[in-house]
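Content type PDB, C-alpha atoms, pLDDT in the B column, from the file model-v8.pdb:
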ATOM      1  CA  MET A   1       2.249 -19.470   8.732  1.00 96.00           C
ATOM      2  CA  LYS A   2      -0.871 -18.140   7.048  1.00 98.00           C
ATOM      3  CA  ILE A   3      -1.486 -14.412   6.477  1.00 98.00           C
ATOM      4  CA  LEU A   4      -4.630 -12.778   5.139  1.00 98.00           C
ATOM      5  CA  GLY A   5      -3.840  -9.572   3.242  1.00 98.00           C
ATOM      6  CA  ILE A   6      -6.287  -6.724   2.631  1.00 98.00           C
ATOM      7  CA  ASP A   7      -5.729  -3.550   0.604  1.00 97.00           C
ATOM      8  CA  GLY A   8      -8.335  -0.851  -0.004  1.00 96.00           C
ATOM      9  CA  SER A   9      -5.962   2.102   0.073  1.00 95.00           C
ATOM     10  CA  GLY A  10      -6.286   3.148  -3.554  1.00 92.00           C
ATOM     11  CA  LEU A  11      -8.412   2.681  -6.650  1.00 90.00           C
ATOM     12  CA  VAL A  12      -7.799  -1.071  -6.489  1.00 94.00           C
ATOM     13  CA  ALA A  13      -9.458  -3.418  -3.990  1.00 95.00           C
ATOM     14  CA  SER A  14      -7.496  -6.556  -3.193  1.00 97.00           C
ATOM     15  CA  VAL A  15      -7.552  -9.543  -0.820  1.00 98.00           C
ATOM     16  CA  ALA A  16      -5.070 -12.419  -0.684  1.00 98.00           C
ATOM     17  CA  VAL A  17      -3.909 -15.359   1.393  1.00 98.00           C
ATOM     18  CA  VAL A  18      -0.215 -16.217   1.634  1.00 98.00           C
ATOM     19  CA  GLU A  19       0.912 -19.362   3.420  1.00 98.00           C
ATOM     20  CA  ASP A  20       4.664 -19.547   4.056  1.00 96.00           C
ATOM     21  CA  ASP A  21       6.209 -19.080   0.579  1.00 93.00           C
ATOM     22  CA  ASN A  22       3.023 -19.847  -1.337  1.00 97.00           C
ATOM     23  CA  LEU A  23       0.393 -17.438  -2.666  1.00 98.00           C
ATOM     24  CA  VAL A  24      -2.735 -19.532  -2.080  1.00 98.00           C
ATOM     25  CA  GLY A  25      -5.103 -17.060  -3.700  1.00 98.00           C
ATOM     26  CA  GLU A  26      -5.636 -13.412  -4.574  1.00 98.00           C
ATOM     27  CA  TYR A  27      -8.666 -11.457  -5.744  1.00 97.00           C
ATOM     28  CA  THR A  28      -7.894  -8.005  -7.125  1.00 96.00           C
ATOM     29  CA  THR A  29     -10.104  -5.593  -9.028  1.00 94.00           C
ATOM     30  CA  GLY A  30      -9.749  -2.033 -10.202  1.00 89.00           C
ATOM     31  CA  TYR A  31     -13.251  -1.674 -11.581  1.00 83.00           C
ATOM     32  CA  LYS A  32     -15.391   1.384 -10.787  1.00 75.00           C
ATOM     33  CA  LYS A  33     -17.113   0.172  -7.638  1.00 76.00           C
ATOM     34  CA  THR A  34     -16.615   1.358  -4.080  1.00 85.00           C
ATOM     35  CA  HIS A  35     -14.633  -0.803  -1.705  1.00 88.00           C
ATOM     36  CA  SER A  36     -17.710  -1.064   0.509  1.00 87.00           C
ATOM     37  CA  GLN A  37     -19.299  -2.964  -2.389  1.00 88.00           C
ATOM     38  CA  THR A  38     -16.295  -5.134  -3.195  1.00 91.00           C
ATOM     39  CA  LEU A  39     -14.013  -6.064  -0.296  1.00 94.00           C
ATOM     40  CA  LEU A  40     -16.278  -8.349   1.732  1.00 94.00           C
ATOM     41  CA  PRO A  41     -17.813 -10.120  -1.312  1.00 95.00           C
ATOM     42  CA  MET A  42     -14.283 -10.599  -2.707  1.00 96.00           C
ATOM     43  CA  LEU A  43     -13.076 -12.019   0.584  1.00 97.00           C
ATOM     44  CA  ASP A  44     -16.074 -14.344   0.746  1.00 97.00           C
ATOM     45  CA  GLU A  45     -15.471 -15.540  -2.821  1.00 97.00           C
ATOM     46  CA  LEU A  46     -11.757 -16.097  -2.177  1.00 98.00           C
ATOM     47  CA  LYS A  47     -12.599 -18.001   0.997  1.00 97.00           C
ATOM     48  CA  LYS A  48     -14.879 -20.330  -0.965  1.00 98.00           C
ATOM     49  CA  MET A  49     -12.467 -20.795  -3.865  1.00 97.00           C
ATOM     50  CA  ILE A  50      -9.520 -21.847  -1.700  1.00 98.00           C
ATOM     51  CA  GLU A  51     -11.652 -23.513   0.984  1.00 98.00           C
ATOM     52  CA  LEU A  52     -10.212 -21.221   3.626  1.00 97.00           C
ATOM     53  CA  ASP A  53     -11.014 -21.727   7.285  1.00 97.00           C
ATOM     54  CA  LEU A  54     -10.521 -18.228   8.689  1.00 96.00           C
ATOM     55  CA  ASN A  55      -9.706 -19.724  12.085  1.00 97.00           C
ATOM     56  CA  THR A  56      -6.443 -21.020  10.599  1.00 97.00           C
ATOM     57  CA  VAL A  57      -5.225 -17.498   9.790  1.00 98.00           C
ATOM     58  CA  ASP A  58      -2.279 -16.442  11.993  1.00 98.00           C
ATOM     59  CA  ALA A  59      -2.556 -12.707  11.329  1.00 98.00           C
ATOM     60  CA  ILE A  60      -4.303 -10.136   9.150  1.00 98.00           C
ATOM     61  CA  ALA A  61      -2.064  -7.764   7.218  1.00 98.00           C
ATOM     62  CA  VAL A  62      -3.759  -4.586   6.047  1.00 98.00           C
ATOM     63  CA  ALA A  63      -2.477  -1.687   3.981  1.00 98.00           C
ATOM     64  CA  ALA A  64      -2.841   0.867   6.745  1.00 96.00           C
ATOM     65  CA  GLY A  65      -2.242   4.038   4.783  1.00 95.00           C
ATOM     66  CA  PRO A  66      -1.747   6.502   3.363  1.00 96.00           C
ATOM     67  CA  GLY A  67      -4.321   6.502   0.596  1.00 95.00           C
ATOM     68  CA  SER A  68      -7.997   7.114   0.069  1.00 92.00           C
ATOM     69  CA  PHE A  69      -9.473   8.063   3.438  1.00 93.00           C
ATOM     70  CA  THR A  70     -12.705   6.189   2.728  1.00 93.00           C
ATOM     71  CA  GLY A  71     -10.911   3.151   1.327  1.00 94.00           C
ATOM     72  CA  LEU A  72      -8.551   2.997   4.300  1.00 95.00           C
ATOM     73  CA  ARG A  73     -11.435   3.159   6.744  1.00 95.00           C
ATOM     74  CA  ILE A  74     -13.287   0.357   4.961  1.00 95.00           C
ATOM     75  CA  ALA A  75     -10.212  -1.890   4.788  1.00 96.00           C
ATOM     76  CA  SER A  76      -9.223  -1.164   8.402  1.00 96.00           C
ATOM     77  CA  ALA A  77     -12.768  -1.755   9.641  1.00 96.00           C
ATOM     78  CA  THR A  78     -12.818  -5.074   7.781  1.00 96.00           C
ATOM     79  CA  ALA A  79      -9.471  -6.093   9.289  1.00 97.00           C
ATOM     80  CA  LYS A  80     -10.500  -4.979  12.784  1.00 97.00           C
ATOM     81  CA  GLY A  81     -13.805  -6.821  12.611  1.00 96.00           C
ATOM     82  CA  LEU A  82     -12.129 -10.026  11.481  1.00 97.00           C
ATOM     83  CA  GLY A  83      -9.355  -9.619  14.032  1.00 97.00           C
ATOM     84  CA  LEU A  84     -11.803  -9.179  16.882  1.00 97.00           C
ATOM     85  CA  SER A  85     -13.973 -12.118  15.849  1.00 96.00           C
ATOM     86  CA  LEU A  86     -11.040 -14.455  15.154  1.00 97.00           C
ATOM     87  CA  GLY A  87      -8.842 -13.258  18.011  1.00 96.00           C
ATOM     88  CA  CYS A  88      -5.843 -12.801  15.718  1.00 96.00           C
ATOM     89  CA  PRO A  89      -3.412  -9.878  15.497  1.00 98.00           C
ATOM     90  CA  ILE A  90      -3.279  -7.115  12.894  1.00 98.00           C
ATOM     91  CA  VAL A  91      -0.129  -6.203  10.987  1.00 98.00           C
ATOM     92  CA  SER A  92      -0.269  -2.598   9.785  1.00 98.00           C
ATOM     93  CA  VAL A  93       1.692  -2.444   6.528  1.00 98.00           C
ATOM     94  CA  PRO A  94       2.543   1.013   5.161  1.00 98.00           C
ATOM     95  CA  THR A  95       0.727   1.355   1.838  1.00 98.00           C
ATOM     96  CA  VAL A  96       3.653   2.829  -0.093  1.00 98.00           C
ATOM     97  CA  ASP A  97       6.038   0.155   1.246  1.00 98.00           C
ATOM     98  CA  ALA A  98       3.708  -2.597   0.038  1.00 98.00           C
ATOM     99  CA  LEU A  99       3.401  -0.955  -3.378  1.00 98.00           C
ATOM    100  CA  ALA A 100       7.187  -0.839  -3.713  1.00 98.00           C
ATOM    101  CA  PHE A 101       7.398  -4.477  -2.621  1.00 98.00           C
ATOM    102  CA  ASN A 102       5.573  -5.411  -5.848  1.00 98.00           C
ATOM    103  CA  LEU A 103       8.947  -4.954  -7.563  1.00 98.00           C
ATOM    104  CA  TRP A 104      10.898  -7.375  -5.378  1.00 97.00           C
ATOM    105  CA  GLY A 105      14.340  -8.076  -6.814  1.00 94.00           C
ATOM    106  CA  SER A 106      14.531  -4.936  -8.942  1.00 96.00           C
ATOM    107  CA  ASP A 107      17.986  -3.376  -9.182  1.00 95.00           C
ATOM    108  CA  ALA A 108      16.537   0.102  -9.784  1.00 97.00           C
ATOM    109  CA  MET A 109      15.514   2.723  -7.271  1.00 98.00           C
ATOM    110  CA  ILE A 110      11.763   2.306  -6.736  1.00 98.00           C
ATOM    111  CA  CYS A 111       9.477   5.314  -6.391  1.00 98.00           C
ATOM    112  CA  PRO A 112       5.778   4.596  -5.852  1.00 98.00           C
ATOM    113  CA  ILE A 113       3.563   7.631  -6.378  1.00 98.00           C
ATOM    114  CA  MET A 114      -0.074   7.792  -5.375  1.00 97.00           C
ATOM    115  CA  ASP A 115      -2.061  10.877  -6.299  1.00 96.00           C
ATOM    116  CA  ALA A 116      -2.787  12.780  -3.073  1.00 95.00           C
ATOM    117  CA  ARG A 117      -4.411  15.723  -4.932  1.00 90.00           C
ATOM    118  CA  ARG A 118      -3.417  19.396  -4.781  1.00 89.00           C
ATOM    119  CA  GLY A 119      -0.118  18.586  -6.559  1.00 91.00           C
ATOM    120  CA  GLN A 120       0.956  16.231  -3.774  1.00 95.00           C
ATOM    121  CA  VAL A 121       1.856  12.563  -3.845  1.00 97.00           C
ATOM    122  CA  TYR A 122       2.084   9.792  -1.298  1.00 98.00           C
ATOM    123  CA  THR A 123       5.520   8.441  -2.015  1.00 98.00           C
ATOM    124  CA  GLY A 124       8.824   7.086  -0.733  1.00 98.00           C
ATOM    125  CA  LEU A 125      12.103   5.705  -2.097  1.00 98.00           C
ATOM    126  CA  TYR A 126      13.117   2.047  -1.932  1.00 98.00           C
ATOM    127  CA  ARG A 127      15.721  -0.464  -3.080  1.00 98.00           C
ATOM    128  CA  PHE A 128      16.456  -4.162  -2.836  1.00 97.00           C
ATOM    129  CA  ASP A 129      20.019  -5.087  -1.976  1.00 96.00           C
ATOM    130  CA  ILE A 130      21.982  -7.868  -3.665  1.00 93.00           C
ATOM    131  CA  ASP A 131      20.514 -10.415  -1.231  1.00 94.00           C
ATOM    132  CA  GLY A 132      16.932  -9.309  -1.910  1.00 93.00           C
ATOM    133  CA  ASN A 133      16.543  -7.421   1.367  1.00 95.00           C
ATOM    134  CA  PHE A 134      14.003  -4.588   1.272  1.00 97.00           C
ATOM    135  CA  LYS A 135      15.629  -1.221   1.969  1.00 97.00           C
ATOM    136  CA  ILE A 136      13.661   1.941   2.756  1.00 97.00           C
ATOM    137  CA  GLU A 137      15.709   4.936   1.600  1.00 98.00           C
ATOM    138  CA  ARG A 138      12.984   7.485   2.252  1.00 98.00           C
ATOM    139  CA  PRO A 139       9.988   6.458   4.393  1.00 97.00           C
ATOM    140  CA  GLN A 140       6.524   7.026   3.006  1.00 97.00           C
ATOM    141  CA  CYS A 141       5.422  10.646   3.105  1.00 97.00           C
ATOM    142  CA  ALA A 142       2.978  13.137   1.614  1.00 96.00           C
ATOM    143  CA  VAL A 143       4.892  15.804  -0.348  1.00 97.00           C
ATOM    144  CA  ASP A 144       4.702  18.032  -3.400  1.00 97.00           C
ATOM    145  CA  PHE A 145       5.922  16.108  -6.445  1.00 97.00           C
ATOM    146  CA  HIS A 146       8.713  18.643  -6.997  1.00 97.00           C
ATOM    147  CA  GLU A 147      10.182  17.691  -3.609  1.00 98.00           C
ATOM    148  CA  ILE A 148      10.421  13.970  -4.347  1.00 98.00           C
ATOM    149  CA  ALA A 149      11.818  14.751  -7.815  1.00 98.00           C
ATOM    150  CA  GLU A 150      14.534  16.898  -6.228  1.00 98.00           C
ATOM    151  CA  ASP A 151      15.328  14.105  -3.757  1.00 98.00           C
ATOM    152  CA  ILE A 152      15.647  11.539  -6.557  1.00 98.00           C
ATOM    153  CA  ASN A 153      17.928  13.808  -8.579  1.00 98.00           C
ATOM    154  CA  SER A 154      20.150  14.467  -5.561  1.00 98.00           C
ATOM    155  CA  ARG A 155      20.736  10.709  -5.185  1.00 97.00           C
ATOM    156  CA  ASN A 156      21.736  10.346  -8.843  1.00 97.00           C
ATOM    157  CA  PRO A 157      20.432   6.774  -9.257  1.00 97.00           C
ATOM    158  CA  ASP A 158      21.310   4.628 -12.269  1.00 97.00           C
ATOM    159  CA  THR A 159      17.607   4.013 -12.939  1.00 98.00           C
ATOM    160  CA  VAL A 160      14.291   4.824 -11.281  1.00 98.00           C
ATOM    161  CA  THR A 161      11.105   2.786 -11.644  1.00 98.00           C
ATOM    162  CA  PHE A 162       7.837   4.622 -11.012  1.00 98.00           C
ATOM    163  CA  LEU A 163       4.566   2.877 -10.208  1.00 98.00           C
ATOM    164  CA  GLY A 164       1.178   3.696  -8.716  1.00 97.00           C
ATOM    165  CA  ASP A 165      -1.932   5.591  -9.759  1.00 96.00           C
ATOM    166  CA  GLY A 166       0.031   8.851  -9.651  1.00 97.00           C
ATOM    167  CA  VAL A 167       2.036   7.880 -12.739  1.00 97.00           C
ATOM    168  CA  LEU A 168      -0.754   8.904 -15.112  1.00 96.00           C
ATOM    169  CA  VAL A 169      -1.281  12.183 -13.250  1.00 96.00           C
ATOM    170  CA  PHE A 170       2.387  13.187 -13.013  1.00 97.00           C
ATOM    171  CA  LYS A 171       3.812  11.640 -16.179  1.00 97.00           C
ATOM    172  CA  GLU A 172       4.551  15.014 -17.788  1.00 97.00           C
ATOM    173  CA  LEU A 173       6.263  16.313 -14.637  1.00 97.00           C
ATOM    174  CA  ILE A 174       8.323  13.122 -14.439  1.00 98.00           C
ATOM    175  CA  ALA A 175       9.546  13.755 -17.983  1.00 98.00           C
ATOM    176  CA  GLU A 176      10.251  17.400 -17.158  1.00 98.00           C
ATOM    177  CA  LEU A 177      11.934  17.053 -13.769  1.00 98.00           C
ATOM    178  CA  ILE A 178      13.610  13.646 -13.437  1.00 98.00           C
ATOM    179  CA  LYS A 179      17.220  13.743 -14.635  1.00 98.00           C
ATOM    180  CA  ALA A 180      18.037  10.052 -14.136  1.00 97.00           C
ATOM    181  CA  PRO A 181      16.960   7.325 -16.575  1.00 98.00           C
ATOM    182  CA  TYR A 182      13.519   6.113 -15.566  1.00 98.00           C
ATOM    183  CA  LYS A 183      10.872   3.570 -16.496  1.00 98.00           C
ATOM    184  CA  PHE A 184       7.334   2.628 -15.474  1.00 98.00           C
ATOM    185  CA  ALA A 185       6.208  -0.650 -13.954  1.00 98.00           C
ATOM    186  CA  PRO A 186       4.012  -2.799 -16.245  1.00 97.00           C
ATOM    187  CA  ALA A 187       0.260  -3.124 -15.753  1.00 95.00           C
ATOM    188  CA  HIS A 188       0.368  -6.290 -13.647  1.00 95.00           C
ATOM    189  CA  LEU A 189       2.678  -4.659 -11.077  1.00 97.00           C
ATOM    190  CA  ASN A 190       1.797  -0.968 -11.036  1.00 97.00           C
ATOM    191  CA  ARG A 191      -1.096  -0.970  -8.549  1.00 96.00           C
ATOM    192  CA  GLN A 192      -1.795  -2.301  -5.065  1.00 97.00           C
ATOM    193  CA  HIS A 193      -1.774  -6.067  -4.493  1.00 97.00           C
ATOM    194  CA  ALA A 194      -2.875  -7.720  -1.269  1.00 98.00           C
ATOM    195  CA  ALA A 195      -0.331 -10.476  -1.957  1.00 98.00           C
ATOM    196  CA  SER A 196       2.450  -7.919  -1.430  1.00 98.00           C
ATOM    197  CA  VAL A 197       0.716  -6.655   1.729  1.00 98.00           C
ATOM    198  CA  ALA A 198       0.463 -10.217   3.062  1.00 98.00           C
ATOM    199  CA  THR A 199       4.050 -11.159   2.158  1.00 98.00           C
ATOM    200  CA  LEU A 200       5.535  -7.999   3.662  1.00 97.00           C
ATOM    201  CA  GLY A 201       3.168  -8.367   6.607  1.00 97.00           C
ATOM    202  CA  MET A 202       4.539 -11.846   7.251  1.00 98.00           C
ATOM    203  CA  LEU A 203       8.059 -10.409   7.524  1.00 96.00           C
ATOM    204  CA  TYR A 204       6.858  -7.762   9.973  1.00 97.00           C
ATOM    205  CA  TYR A 205       4.878 -10.334  11.963  1.00 97.00           C
ATOM    206  CA  LYS A 206       7.950 -12.554  12.331  1.00 96.00           C
ATOM    207  CA  ASN A 207       9.772  -9.509  13.701  1.00 96.00           C
ATOM    208  CA  GLY A 208       7.042  -8.994  16.287  1.00 96.00           C
ATOM    209  CA  GLU A 209       5.600  -5.921  14.545  1.00 96.00           C
ATOM    210  CA  CYS A 210       1.885  -6.436  15.100  1.00 96.00           C
ATOM    211  CA  GLU A 211      -0.964  -5.077  17.201  1.00 97.00           C
ATOM    212  CA  THR A 212      -4.334  -6.130  18.495  1.00 97.00           C
ATOM    213  CA  ALA A 213      -7.465  -5.452  16.479  1.00 96.00           C
ATOM    214  CA  ALA A 214      -8.537  -2.930  19.130  1.00 95.00           C
ATOM    215  CA  GLU A 215      -5.240  -1.032  18.780  1.00 96.00           C
ATOM    216  CA  HIS A 216      -5.239  -0.812  14.995  1.00 96.00           C
ATOM    217  CA  ARG A 217      -5.762   2.598  13.391  1.00 94.00           C
ATOM    218  CA  PRO A 218      -5.223   3.767   9.780  1.00 94.00           C
ATOM    219  CA  GLU A 219      -2.273   6.060   9.041  1.00 93.00           C
ATOM    220  CA  TYR A 220      -3.546   8.985   6.972  1.00 94.00           C
ATOM    221  CA  LEU A 221      -0.337  11.092   6.948  1.00 87.00           C
ATOM    222  CA  ARG A 222      -2.349  14.283   6.442  1.00 72.00           C
ATOM    223  CA  LEU A 223      -5.693  15.834   7.302  1.00 55.00           C
ATOM    224  CA  SER A 224      -8.826  14.950   5.373  1.00 50.00           C
ATOM    225  CA  GLN A 225     -10.321  17.504   2.967  1.00 51.00           C
ATOM    226  CA  ALA A 226     -13.152  18.219   5.426  1.00 45.00           C
ATOM    227  CA  GLU A 227     -10.656  18.851   8.224  1.00 47.00           C
ATOM    228  CA  ARG A 228      -8.526  21.111   6.004  1.00 44.00           C
ATOM    229  CA  GLU A 229     -11.588  23.117   4.931  1.00 45.00           C
ATOM    230  CA  ARG A 230     -12.673  23.514   8.550  1.00 44.00           C
ATOM    231  CA  LEU A 231      -9.237  24.830   9.544  1.00 43.00           C
ATOM    232  CA  GLU A 232      -9.198  27.191   6.543  1.00 52.00           C
ATOM    233  CA  LYS A 233     -12.563  28.625   7.659  1.00 56.00           C
ATOM    234  CA  GLU A 234     -11.192  29.050  11.152  1.00 58.00           C
ATOM    235  CA  GLY A 235      -8.061  30.746   9.764  1.00 62.00           C
ATOM    236  CA  LYS A 236      -5.752  28.062  11.169  1.00 54.00           C
ATOM    237  CA  ALA A 237      -4.546  26.450   7.938  1.00 51.00           C
TER     238      ALA A 237
END

Please rewrite the model in this file as structure tokens.
Amino acid sequence: MKILGIDGSGLVASVAVVEDDNLVGEYTTGYKKTHSQTLLPMLDELKKMIELDLNTVDAIAVAAGPGSFTGLRIASATAKGLGLSLGCPIVSVPTVDALAFNLWGSDAMICPIMDARRGQVYTGLYRFDIDGNFKIERPQCAVDFHEIAEDINSRNPDTVTFLGDGVLVFKELIAELIKAPYKFAPAHLNRQHAASVATLGMLYYKNGECETAAEHRPEYLRLSQAERERLEKEGKA
């Protein structure tokens, strides 16, 4: 089984191809360019490097959100366009789940945090059991950082590993609020990777969790800034 993974949900742009238990290729960059400039050229370069025939792809796994509204739209549009042209299904992989999956096999509680602005984070809580099964203890959500800190403390974990672009933003609050021992994921694991999206997407696909390209929509979890400002002007926020 061959899965194409795409992630444009955060500061990093990433594309990958996973075939069965083998990562065939991945192209990931966190440089200061927009995903509209990077994703398609990266995919084209990866395709050439691994001599990929897109018609052999069984499904396209895309980090479906939450995350950057613009980045999600670009990644989803790319996945939809490919899905429609190739006639293959889309697997919508929750962004925070895929980020946590970077740390497969960890014995710590895993807490990805993506900066959602206004003191909020996109986050969730995860573990891997003794057999390596991925366990979602708190599904991805958009909350104030104090709320997720309180949740972590109430669970009294032995150790917590934080990762994601929110680590730099909330590092001082982590030190102030988290009572359990904690650590931060290293550089090669602390941001989005399309290989994780593709691998997790393969598990979901095998469980029948997929949709057509026409059905696929990003999952924003909250209103965009423009929508919030409009509601504030209308006195509805």

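Taken over the shown file, the PyMOL selection byres ((chain A and resi 12) around 6) identifies Gly10, Leu11, Ala13, Thr29 and Gly30 of chain A.
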
List the spatial neighbours of Tyr126 in chain A as an mmCIF file with C-alpha atoms, in the frame of the given file - criterion: any atom at most 7 Å away, all atoms listed in the file, same-chain residues fewer than 5 positions off excluded.
data_model
loop_
_atom_site.group_PDB
_atom_site.id
_atom_site.type_symbol
_atom_site.label_atom_id
_atom_site.label_comp_id
_atom_site.auth_asym_id
_atom_site.auth_seq_id
_atom_site.Cartn_x
_atom_site.Cartn_y
_atom_site.Cartn_z
ATOM 1 C CA ALA A 100 7.187 -0.839 -3.713
ATOM 2 C CA MET A 109 15.514 2.723 -7.271
ATOM 3 C CA ILE A 110 11.763 2.306 -6.736
ATOM 4 C CA CYS A 111 9.477 5.314 -6.391
ATOM 5 C CA LYS A 135 15.629 -1.221 1.969
ATOM 6 C CA ILE A 136 13.661 1.941 2.756
ATOM 7 C CA GLU A 137 15.709 4.936 1.600
ATOM 8 C CA ARG A 138 12.984 7.485 2.252
#

Hey, what's within 8 Å of range 156-163 of chain A if we count only C-alpha atoms and toss same-chain stuff fewer than 5 positions away? As a ChimeraX atom specification, please? /A:99-100,108-113,180-185,189-191

Using all atoms listed in the file, the best pick from A:Phe101, A:Tyr204, A:Tyr122, A:Tyr31 as closest to Ser9 in chain A would be A:Tyr122

Taking the file as I've supplied it (selection: the PyMOL selection byres ((chain A and resi 169-176) around 9)), which residues are included? Please answer as a PDB file with C-alpha atoms, in the frame of the given file.
ATOM      1  CA  ILE A 113       3.563   7.631  -6.378  1.00 98.00           C
ATOM      2  CA  ASP A 115      -2.061  10.877  -6.299  1.00 96.00           C
ATOM      3  CA  GLY A 119      -0.118  18.586  -6.559  1.00 91.00           C
ATOM      4  CA  PHE A 145       5.922  16.108  -6.445  1.00 97.00           C
ATOM      5  CA  HIS A 146       8.713  18.643  -6.997  1.00 97.00           C
ATOM      6  CA  ALA A 149      11.818  14.751  -7.815  1.00 98.00           C
ATOM      7  CA  ASP A 165      -1.932   5.591  -9.759  1.00 96.00           C
ATOM      8  CA  GLY A 166       0.031   8.851  -9.651  1.00 97.00           C
ATOM      9  CA  VAL A 167       2.036   7.880 -12.739  1.00 97.00           C
ATOM     10  CA  LEU A 168      -0.754   8.904 -15.112  1.00 96.00           C
ATOM     11  CA  LEU A 177      11.934  17.053 -13.769  1.00 98.00           C
ATOM     12  CA  ILE A 178      13.610  13.646 -13.437  1.00 98.00           C
ATOM     13  CA  LYS A 179      17.220  13.743 -14.635  1.00 98.00           C
ATOM     14  CA  TYR A 182      13.519   6.113 -15.566  1.00 98.00           C
TER      15      TYR A 182
END

My list of candidates is A:Ala194, A:Leu4, A:Ala213, A:Ala142. Which is closest to Met114 in chain A when distances are computed with all atoms listed in the file? A:Ala142

First collect every listed atom of range 110-115 of chain A; then fit an axis-aligned box around them, widen it by 3 Å on each side, and give centre and edge lengths in Å to one decimal, as AutoDock Vina command-line options.
--center_x 4.9 --center_y 6.6 --center_z -6.1 --size_x 19.8 --size_y 14.6 --size_z 7.4

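What the PyMOL selection byres ((chain A and resi 88) around 8) picks from this file is Val57, Asp58, Ala59, Ile60, Gly83, Leu84, Leu86, Gly87, Pro89, Ile90, Thr212 and Ala213 of chain A.
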
May I have the selected residues written with C-alpha atoms, as a short mmCIF file (atom, residue, chain, number, x, y, z; two decimals), in the coordinates of the input?
data_model
loop_
_atom_site.label_atom_id
_atom_site.label_comp_id
_atom_site.auth_asym_id
_atom_site.auth_seq_id
_atom_site.Cartn_x
_atom_site.Cartn_y
_atom_site.Cartn_z
CA VAL A 57 -5.22 -17.50 9.79
CA ASP A 58 -2.28 -16.44 11.99
CA ALA A 59 -2.56 -12.71 11.33
CA ILE A 60 -4.30 -10.14 9.15
CA GLY A 83 -9.36 -9.62 14.03
CA LEU A 84 -11.80 -9.18 16.88
CA LEU A 86 -11.04 -14.46 15.15
CA GLY A 87 -8.84 -13.26 18.01
CA PRO A 89 -3.41 -9.88 15.50
CA ILE A 90 -3.28 -7.12 12.89
CA THR A 212 -4.33 -6.13 18.50
CA ALA A 213 -7.46 -5.45 16.48
#

So what do you get for CA of Asp20 in chain A versus CA of Ala98 in chain A, distance-wise? 17.4 Å

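Going from CA of Cys141 in chain A over to CA of Thr123 in chain A, you cover 5.6 Å.
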
8 Å contact set for Phe128 in chain A, all atoms listed in the file, chain neighbours under 3 positions out, as a list in words: Trp104, Gly105, Ser106, Asp107, Asp131, Gly132, Asn133, Phe134 and Lys135 of chain A

For Gly5 in chain A: contacts at 6 Å, all atoms listed in the file, fewer than 6 positions along chain excluded, given as a VMD selection string: chain A and resid 15 to 16 60 to 62 194 197 to 198

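Compared by their closest atoms to Asn102 in chain A, and using all atoms listed in the file, the residues A:Ser196, A:Lys206, A:Pro66, A:Ile3 rank with A:Ser196 nearest.
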